[in-house]
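Before any comments, here is the structure.
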Amino acid sequence: MKIKKITIKNFRQFWKEETLNFACGVDKNVTVIHGANGSGKTSLLNAFKWCFYGKTDFDTGNENILNEAAIQDATTGQLIEINIKVIFEQDGCNYSVVRNAKFRKLPDNKVENLKLIEFKIQKTVESGETVTSETPDSDINKVLPESLHPYFFFNGERIEKLAGVNESSQIKEAIKRLMGLKQIERAERHLKKASDSFRKINAKSSDQNYQSLTKNVAEFNGELDDAKKLLEDSKLDKEDVIKRKEDVEKKLETFKESKHLQNQRSILNQENERIIDELEKNELQRKGLIDNNRAVVLAQGLINKCEELVDLNRKKGLLPYKVRAPFIDDLIKQDICICGRKLSNDTVALSSLNKARESAGNDELDEVYSSVSYLIKNHIGSLKGYEEKLQELVKEHYKNKKVKHENENLISEIGLKISSLGNNEIESLENRLESLTLELSELDFNIRSLESSIPKLIANLAKESKELEKLEKKQKEHSLVVKRITAANNVAKAFNELNICFTDQVRRSLSERVNATFGQIIRKNVRAYIDDEFHLRIEKQSKHGEIEAKEQSTGEKQVTSLSFISSIISLAKEKHEQKGKFFKGGLYPLVMDSPFGALDDDYRFKVAERVANLADQVIIFVSNSQWNGNVKSACAARVGSTYRLIHHSTTDVAKTIENNEYLRYSNDGYEYSTLEEV
C-alpha cells in the first residue's frame, strides 16, 4: 500500500479544500509536513482514519470534526459537507477512497448532523477498468484491517502504549493478520464445520448413540469457538479500556486542582499493579510447593505408623538388632558356644540358639531398618521445611492483600476528593474514570471465567470426539461419509499444527528483528524480545543475570514501540516479496504524528534513520523544532515531498508579525489552516 494523495475539505482546522501529494519513490520515500502546535498535524493523521473507518481518536471523538470557519461562513439552512479523499496503490491497482458527511447550518452558529455518511471505494486495475466496490467497509479492511491501523497511523504522544505489556492480544492479532495466518485459522474452522456437516449426514442412518454423540460434539465445538472468540474480543476490549483509562488519568493531571491527587492515585495504582504481580507469583509458588510436596503431606499417616512400629520394637529391644543371624549360624556350625561348651552335647543350649536366631537380625533387615530410620528423619525435616515455606508464602500473600486493600481504600478516598473539587470538567472526567474502572473489573472477571471454562470445554470435546471416532472406525470400511469426516478432521488438525508452528516462527523472527533494531538505537545494556505470550519485554543485565526492566523513560518506551512497529513493517515486506504459500505479508506505509517529541537528539537521529530505511513509505507530521537538526539530517536524502502547515489567525500578534513561515493573518476573519508545498 502506497498513499499517493489526500484531499481534505472542511475537516477540523482545514477550511475549503487542501491537497497533499506524497512521495512514493524507491529512494525518495519520505514526506514531511511540519508546522506549529495546533496547526493541524494530528487532524491530518485523523483524516486518514476518518476516511478509511469513519472514526477518529480526538478527545471528543467525531463530535467536533466540522471546520468552524465553514460553519461561520455558511448561511442558516445551508448544507455543509466534510469530504476526504485518499488515493493509494495496492498490488498494481489504484484505489480511490472517499468519505463525506453532511451537516445543516442552524441559527447561532450551531449545526445539525444529518448523519448522511457516504463511503465509496473505486478500484482501477492495470487494464484501466474502474470498478465501484459494493462492500467498501469490507474491502478497506482487506487492504488494511481497522484493528491494525494504530500500527501504521499513530500519534507520537501515545506511541509508547502501542507495544506495551498490556498489548499482547493486539500484538498477536496484528502478527497473524499481517502475515496472512488468519487464513489458516479460517481454513481450520471451515474444515471443522465440514466435518460436523458430514456427521449430521451420517447420523441420519446411524443409531441413537451416534446421533447423540454427533450432536454433543457439534455443540461443544460451537461453544468452544464462541468462548475463544469471546475471550479474544474481551482481551482486546480490555486493552482498549486500559488505554482510555490512561488517557482520562493523563487529562486529570493537566488540571491544577486535581494534579497532585491524581499523581498520588497513579503511584498507588502502580503499587497495586506490582502487588498483583506479586500475588500471582505467590500463588504459582504455593501451587508449585504443594505439588512438589504432596507425597510428603499424603504420606504423613504412613510415616507416623512406621515411626510407632520402630519405637515399639526399640522399646522391646528388637531394634536395632544386637545379635545377627550369621553369627548364630557360625556358632552352630562350629558346634561350640561362646562360653566354650559343645552345643551337640547340650540340647537345651542348641534349642535356645535356634530360638534366638528367629528374632536375630541380618544384613537385609539392617538395611531396611536403616532406610526406614533415614526416611522418617528425612520426612520430618521435609515436612517441617514445607510447612515453614508454605507459612511464609501465606503470610506474604495476606500481607500483600492487606496493603492492596489499604491502597484501594486510599484510591477511593482520592476519587471522592477529586469529585468534590467543584470543577464540572474534572467531575465529568472522574465519573468517566469510575465507569472505565468498573468496566475493566467486569472484563477481568469475564476473562478469568472464560479462561477457566475453555479447558473444561476442550476436555469434554476430546472425550465425546474420542467416543465418536471409535464408532466411526467401525463404520469406516463401508462408509464414504466417515472417510470424509476422518479426512476433514485430519486436515483440520494439520492446519492447527501449522498455525501454531507458523505463529511461533513469525514471533521468533519478529522478536529477533525487534531486538536488532532496538539494540542499534538504545544506549543501555538491555534487550527487547517478544515472549511466548506475545508480551513485548525489555530485559537488562544485572550481576544475577537478566532481569525485566520495568522502569523505562517515555523516550525509551517510544524507541521500543518504534522498533517494534518498524520491525513489523519490515518483516511484512520481506514475507510479501518472498511470495510464500502461507505467509502473505504486505507493503505498508508509516504515517507518524510527532514521533520524536520525547527523544533526545541522538535517539531522534537513530530512529529517523532506521524508520526511513525499513518502511517503503514514510509520512511524518512534525514540529519545525523536531524536524530541524538530527531528524532532518537522518532523512534528508530520502525526502521526496515537503509541506508546511500555515495557521491563519485573527489575533493582533498575527497582524503585526512578518515573514513567519507558520503563522499568517486571516483576512477572512476566520481561524483555519492551509498546506503549502515547500
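Each chain in the C-alpha cells gets a letter, A, B, ..., in the order shown, and its residues are numbered from 1; ligands are numbered from 1 in order too.
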
Can you pull out every residue within 8 Å of region 176-193 of chain A, counting only C-alpha atoms, but drop anything in the same chain fewer than 5 positions away, and send it as a list in words?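 Residues meeting the cut-off are Ala488, Asn489, Val491, Ala492, Lys493, Phe495, Asn496, Leu498, Asn499, Phe502, Thr503, Ala572, Lys575, Phe582, Phe583, Lys584, Gly585 and Gly586 of chain A.
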
Just-selected residues, C-alpha atoms written as a compact mmCIF listing (two decimals), in the first residue's frame:
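The new file again_29.txt reads:
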```txt
# COMPACT_ATOMS: atom_id res chain seq x y z
CA ALA A 488 -11.61 -33.33 7.25
CA ASN A 489 -10.56 -33.86 10.88
CA VAL A 491 -6.54 -31.85 7.68
CA ALA A 492 -8.05 -29.57 10.39
CA LYS A 493 -5.52 -30.95 12.89
CA PHE A 495 -3.84 -26.75 9.89
CA ASN A 496 -3.97 -26.28 13.66
CA LEU A 498 0.67 -25.29 11.05
CA ASN A 499 -1.00 -22.30 12.69
CA PHE A 502 3.98 -20.57 11.85
CA THR A 503 2.73 -18.16 14.51
CA ALA A 572 5.66 -7.99 6.42
CA LYS A 575 7.28 -12.06 3.52
CA PHE A 582 1.31 -19.48 3.67
CA PHE A 583 2.82 -16.09 4.58
CA LYS A 584 1.09 -13.22 2.86
CA GLY A 585 2.82 -10.17 4.32
CA GLY A 586 2.35 -6.83 2.57
```

Would you list the contacts of Lys251 (chain A) as a PyMOL selection string, taking every protein, DNA or RNA residue within 12 Å and counting only C-alpha atoms, but skipping same-chain residues closer than 3 positions in sequence? chain A and resi 59+244-248+254-259+262-263+425-430+432-433

Go ahead and write the selection's residues with N, CA and C atoms as a PDB file, in the first residue's frame.
```
ATOM      1  N   ASP A  59     -10.184  13.677  21.531  1.00  0.00           N
ATOM      2  CA  ASP A  59     -10.782  13.541  22.856  1.00  0.00           C
ATOM      3  C   ASP A  59     -12.306  13.562  22.801  1.00  0.00           C
ATOM      4  N   ARG A 244      -8.016   3.986  27.263  1.00  0.00           N
ATOM      5  CA  ARG A 244      -8.931   5.101  27.536  1.00  0.00           C
ATOM      6  C   ARG A 244      -8.827   5.566  28.981  1.00  0.00           C
ATOM      7  N   LYS A 245      -8.625   4.627  29.872  1.00  0.00           N
ATOM      8  CA  LYS A 245      -8.465   4.959  31.297  1.00  0.00           C
ATOM      9  C   LYS A 245      -7.195   5.785  31.507  1.00  0.00           C
ATOM     10  N   GLU A 246      -6.118   5.369  30.850  1.00  0.00           N
ATOM     11  CA  GLU A 246      -4.851   6.107  30.961  1.00  0.00           C
ATOM     12  C   GLU A 246      -4.987   7.518  30.400  1.00  0.00           C
ATOM     13  N   ASP A 247      -5.761   7.659  29.321  1.00  0.00           N
ATOM     14  CA  ASP A 247      -5.981   8.988  28.725  1.00  0.00           C
ATOM     15  C   ASP A 247      -6.715   9.906  29.697  1.00  0.00           C
ATOM     16  N   VAL A 248      -7.733   9.360  30.365  1.00  0.00           N
ATOM     17  CA  VAL A 248      -8.500  10.163  31.343  1.00  0.00           C
ATOM     18  C   VAL A 248      -7.588  10.563  32.503  1.00  0.00           C
ATOM     19  N   THR A 254      -3.579  17.357  34.086  1.00  0.00           N
ATOM     20  CA  THR A 254      -3.390  18.680  33.480  1.00  0.00           C
ATOM     21  C   THR A 254      -4.085  19.792  34.266  1.00  0.00           C
ATOM     22  N   PHE A 255      -5.000  19.424  35.171  1.00  0.00           N
ATOM     23  CA  PHE A 255      -5.701  20.427  35.979  1.00  0.00           C
ATOM     24  C   PHE A 255      -4.920  20.690  37.265  1.00  0.00           C
ATOM     25  N   LYS A 256      -4.783  21.941  37.576  1.00  0.00           N
ATOM     26  CA  LYS A 256      -4.015  22.325  38.769  1.00  0.00           C
ATOM     27  C   LYS A 256      -4.646  21.746  40.037  1.00  0.00           C
ATOM     28  N   GLU A 257      -5.983  21.763  40.105  1.00  0.00           N
ATOM     29  CA  GLU A 257      -6.673  21.310  41.317  1.00  0.00           C
ATOM     30  C   GLU A 257      -6.514  19.803  41.546  1.00  0.00           C
ATOM     31  N   SER A 258      -6.499  19.030  40.460  1.00  0.00           N
ATOM     32  CA  SER A 258      -6.502  17.567  40.606  1.00  0.00           C
ATOM     33  C   SER A 258      -5.140  16.923  40.358  1.00  0.00           C
ATOM     34  N   LYS A 259      -4.163  17.715  39.932  1.00  0.00           N
ATOM     35  CA  LYS A 259      -2.864  17.141  39.542  1.00  0.00           C
ATOM     36  C   LYS A 259      -2.218  16.357  40.679  1.00  0.00           C
ATOM     37  N   GLN A 262      -4.213  13.205  41.576  1.00  0.00           N
ATOM     38  CA  GLN A 262      -4.097  12.187  40.532  1.00  0.00           C
ATOM     39  C   GLN A 262      -2.719  11.532  40.551  1.00  0.00           C
ATOM     40  N   ASN A 263      -1.678  12.336  40.810  1.00  0.00           N
ATOM     41  CA  ASN A 263      -0.323  11.772  40.916  1.00  0.00           C
ATOM     42  C   ASN A 263      -0.246  10.764  42.064  1.00  0.00           C
ATOM     43  N   GLU A 425     -15.725  19.925  34.795  1.00  0.00           N
ATOM     44  CA  GLU A 425     -14.958  19.128  33.831  1.00  0.00           C
ATOM     45  C   GLU A 425     -14.192  18.018  34.543  1.00  0.00           C
ATOM     46  N   ILE A 426     -13.602  18.362  35.701  1.00  0.00           N
ATOM     47  CA  ILE A 426     -12.878  17.364  36.488  1.00  0.00           C
ATOM     48  C   ILE A 426     -13.848  16.295  36.989  1.00  0.00           C
ATOM     49  N   GLU A 427     -15.019  16.739  37.450  1.00  0.00           N
ATOM     50  CA  GLU A 427     -16.022  15.794  37.953  1.00  0.00           C
ATOM     51  C   GLU A 427     -16.469  14.833  36.847  1.00  0.00           C
ATOM     52  N   SER A 428     -16.634  15.391  35.625  1.00  0.00           N
ATOM     53  CA  SER A 428     -17.030  14.562  34.482  1.00  0.00           C
ATOM     54  C   SER A 428     -15.957  13.527  34.161  1.00  0.00           C
ATOM     55  N   LEU A 429     -14.697  13.951  34.203  1.00  0.00           N
ATOM     56  CA  LEU A 429     -13.586  13.031  33.949  1.00  0.00           C
ATOM     57  C   LEU A 429     -13.517  11.945  35.023  1.00  0.00           C
ATOM     58  N   GLU A 430     -13.752  12.345  36.274  1.00  0.00           N
ATOM     59  CA  GLU A 430     -13.704  11.377  37.378  1.00  0.00           C
ATOM     60  C   GLU A 430     -14.830  10.344  37.242  1.00  0.00           C
ATOM     61  N   ARG A 432     -16.129   9.450  34.449  1.00  0.00           N
ATOM     62  CA  ARG A 432     -15.712   8.612  33.317  1.00  0.00           C
ATOM     63  C   ARG A 432     -14.687   7.579  33.773  1.00  0.00           C
ATOM     64  N   LEU A 433     -13.768   8.010  34.618  1.00  0.00           N
ATOM     65  CA  LEU A 433     -12.739   7.108  35.136  1.00  0.00           C
ATOM     66  C   LEU A 433     -13.356   5.992  35.967  1.00  0.00           C
TER      67      LEU A 433
END
```

Apply DSSP to the backbone of this structure and, from region 526-642 of chain A, keep only the residues in strand (DSSP E); write these as a PyMOL selection string. chain A and resi 526-530+536-542+545-548+589-593+617-622+639-642

I need the chosen residues saved as a compact mmCIF listing (two decimals), in the first residue's frame, with N, CA and C atoms.
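And here's again15.txt as it stands now:
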```
# COMPACT_ATOMS: atom_id res chain seq x y z
N VAL A 526 20.51 -3.45 27.41
CA VAL A 526 19.21 -4.11 27.52
C VAL A 526 18.90 -4.80 26.20
N ARG A 527 17.94 -5.69 26.26
CA ARG A 527 17.48 -6.36 25.03
C ARG A 527 15.96 -6.37 25.00
N ALA A 528 15.41 -6.35 23.79
CA ALA A 528 13.96 -6.41 23.60
C ALA A 528 13.60 -7.74 22.95
N TYR A 529 12.50 -8.32 23.38
CA TYR A 529 12.06 -9.57 22.75
C TYR A 529 10.56 -9.75 22.97
N ILE A 530 9.96 -10.61 22.17
CA ILE A 530 8.54 -10.93 22.31
C ILE A 530 8.46 -12.34 22.88
N LEU A 536 5.67 -7.81 24.74
CA LEU A 536 6.95 -7.20 24.36
C LEU A 536 7.70 -6.90 25.64
N ARG A 537 8.84 -7.56 25.83
CA ARG A 537 9.60 -7.46 27.08
C ARG A 537 10.93 -6.75 26.84
N ILE A 538 11.36 -6.04 27.90
CA ILE A 538 12.69 -5.44 27.90
C ILE A 538 13.44 -6.00 29.11
N GLU A 539 14.61 -6.56 28.86
CA GLU A 539 15.42 -7.11 29.95
C GLU A 539 16.76 -6.40 30.02
N LYS A 540 17.27 -6.24 31.24
CA LYS A 540 18.56 -5.61 31.43
C LYS A 540 19.50 -6.57 32.15
N GLN A 541 20.77 -6.33 31.99
CA GLN A 541 21.78 -7.16 32.63
C GLN A 541 21.97 -6.75 34.09
N SER A 542 22.11 -7.75 34.97
CA SER A 542 22.44 -7.49 36.36
C SER A 542 23.47 -8.52 36.79
N GLY A 545 22.24 -11.97 36.46
CA GLY A 545 21.74 -12.36 35.14
C GLY A 545 20.75 -11.34 34.60
N GLU A 546 19.91 -11.75 33.63
CA GLU A 546 18.96 -10.84 33.02
C GLU A 546 17.69 -10.73 33.88
N ILE A 547 17.25 -9.50 34.10
CA ILE A 547 16.01 -9.25 34.82
C ILE A 547 15.16 -8.28 34.02
N GLU A 548 13.84 -8.31 34.24
CA GLU A 548 12.94 -7.45 33.48
C GLU A 548 13.16 -5.99 33.85
N PRO A 589 2.59 1.63 4.70
CA PRO A 589 3.25 2.92 4.98
C PRO A 589 3.35 3.16 6.48
N LEU A 590 4.19 4.09 6.85
CA LEU A 590 4.25 4.58 8.23
C LEU A 590 3.82 6.03 8.22
N VAL A 591 2.70 6.32 8.87
CA VAL A 591 2.20 7.70 8.97
C VAL A 591 2.29 8.10 10.43
N MET A 592 3.18 9.05 10.74
CA MET A 592 3.53 9.34 12.14
C MET A 592 3.29 10.81 12.48
N ASP A 593 2.59 11.01 13.56
CA ASP A 593 2.36 12.37 14.07
C ASP A 593 3.27 12.60 15.27
N GLN A 617 7.28 3.47 2.63
CA GLN A 617 6.83 4.85 2.56
C GLN A 617 6.68 5.41 3.97
N VAL A 618 7.20 6.62 4.18
CA VAL A 618 7.13 7.25 5.50
C VAL A 618 6.53 8.64 5.34
N ILE A 619 5.50 8.93 6.15
CA ILE A 619 4.88 10.26 6.17
C ILE A 619 4.98 10.78 7.59
N ILE A 620 5.63 11.92 7.77
CA ILE A 620 5.91 12.44 9.11
C ILE A 620 5.25 13.81 9.28
N PHE A 621 4.42 13.94 10.33
CA PHE A 621 3.90 15.24 10.74
C PHE A 621 4.71 15.66 11.95
N VAL A 622 5.40 16.79 11.86
CA VAL A 622 6.37 17.11 12.90
C VAL A 622 6.47 18.62 13.08
N VAL A 639 13.93 12.30 1.46
CA VAL A 639 12.74 13.16 1.41
C VAL A 639 12.38 13.48 -0.03
N GLY A 640 11.12 13.17 -0.42
CA GLY A 640 10.65 13.45 -1.77
C GLY A 640 9.64 14.58 -1.83
N SER A 641 8.91 14.80 -0.72
CA SER A 641 7.92 15.89 -0.67
C SER A 641 7.97 16.55 0.70
N THR A 642 7.86 17.87 0.71
CA THR A 642 7.86 18.63 1.97
C THR A 642 6.75 19.67 1.93
```

Secondary structure check, helix (DSSP H, G or I) residues of region 376-591 of chain A, as JSON, numbers by chain: {"A": [376, 377, 378, 379, 380, 381, 382, 383, 384, 385, 386, 387, 388, 389, 390, 391, 392, 393, 394, 395, 396, 397, 398, 399, 400, 401, 402, 403, 404, 405, 406, 407, 408, 409, 410, 411, 412, 413, 414, 415, 416, 417, 418, 419, 424, 425, 426, 427, 428, 429, 430, 431, 432, 433, 434, 435, 436, 437, 438, 439, 440, 441, 442, 443, 444, 445, 446, 447, 448, 449, 450, 451, 452, 453, 454, 455, 456, 457, 458, 459, 460, 461, 462, 463, 464, 465, 466, 467, 468, 469, 470, 471, 472, 473, 474, 475, 476, 477, 478, 480, 481, 482, 483, 484, 485, 486, 487, 488, 489, 490, 491, 492, 493, 494, 495, 496, 497, 498, 499, 500, 501, 502, 503, 504, 505, 506, 507, 508, 509, 510, 511, 512, 513, 514, 515, 516, 517, 518, 519, 520, 521, 554, 555, 556, 557, 558, 559, 560, 561, 562, 563, 564, 565, 566, 567, 568, 569, 570, 571, 572, 573, 574, 575, 576, 577, 578]}

Go through A:Asn10, A:Thr132, A:Asn400, A:Asn109 and flag the residue nearest Thr75 (chain A), using only C-alpha atoms for the distances.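 Nearest to Thr75 (chain A): A:Asn109.
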
Surrounding residues of Phe58 (chain A) excluding itself and chain neighbours under 5 positions, 10 Å, only C-alpha atoms, as a PyMOL selection string: chain A and resi 42-43+46+63-65

Near Leu114 (chain A), counting only C-alpha atoms, which residues have an atom at most 9 Å away, once you skip same-chain residues fewer than 5 positions from it, shown as a list in words?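 My reading of the contact set: Ala101, Lys102, Phe103 and Arg104 of chain A.
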
Dump as a compact mmCIF listing (two decimals), in the first residue's frame, selection limited to C-alpha atoms:
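Okay, this is what ended up in again-v4.txt:
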```
# COMPACT_ATOMS: atom_id res chain seq x y z
CA ALA A 101 -20.70 13.70 5.80
CA LYS A 102 -23.41 16.36 5.56
CA PHE A 103 -24.49 18.96 8.11
CA ARG A 104 -27.08 21.76 8.12
```

Contacts of Ala47 (chain A) at 9 Å (only C-alpha atoms; same-chain gap of 6+ positions) as a list in words: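 Listing them by chain and then by number gives Ile6, Ile8, Phe11, Arg12, Thr56 and Ile84 of chain A.
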
Export of the given selection (C-alpha atoms) as a compact mmCIF listing (two decimals), in the first residue's frame:
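Below you can see result-v6.txt, which holds the result:
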```
# COMPACT_ATOMS: atom_id res chain seq x y z
CA ILE A 6 -5.16 13.02 0.22
CA ILE A 8 -9.39 17.33 2.71
CA PHE A 11 -12.31 18.78 8.34
CA ARG A 12 -11.18 20.21 11.68
CA THR A 56 -11.07 9.44 15.00
CA ILE A 84 -11.94 13.41 2.45
```

Tell me, as a PyMOL selection string, which residues lie within 12 Å of Glu68 (chain A), counting only C-alpha atoms; anything in the same chain fewer than 6 positions away does not count. chain A and resi 10-16+74+80+82+105+109-111+669-673

Using CA of Asn37 (chain A) and CA of Thr560 (chain A) as the two end points, give the distance in Å to one decimal.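 Taking CA of Asn37 (chain A) and CA of Thr560 (chain A), their separation equals 25.0 Å.
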
Best match for closeness to Asp444 (chain A) among A:Lys389, A:Lys235, A:Lys456, A:Lys557, counting only C-alpha atoms: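 Looking only at the distances to Asp444 (chain A), the closest residue turns out to be A:Lys235.
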
Interatomic distance, CA of Thr650 (chain A) to CA of Gly38 (chain A) (Å, one decimal): 14.6 Å
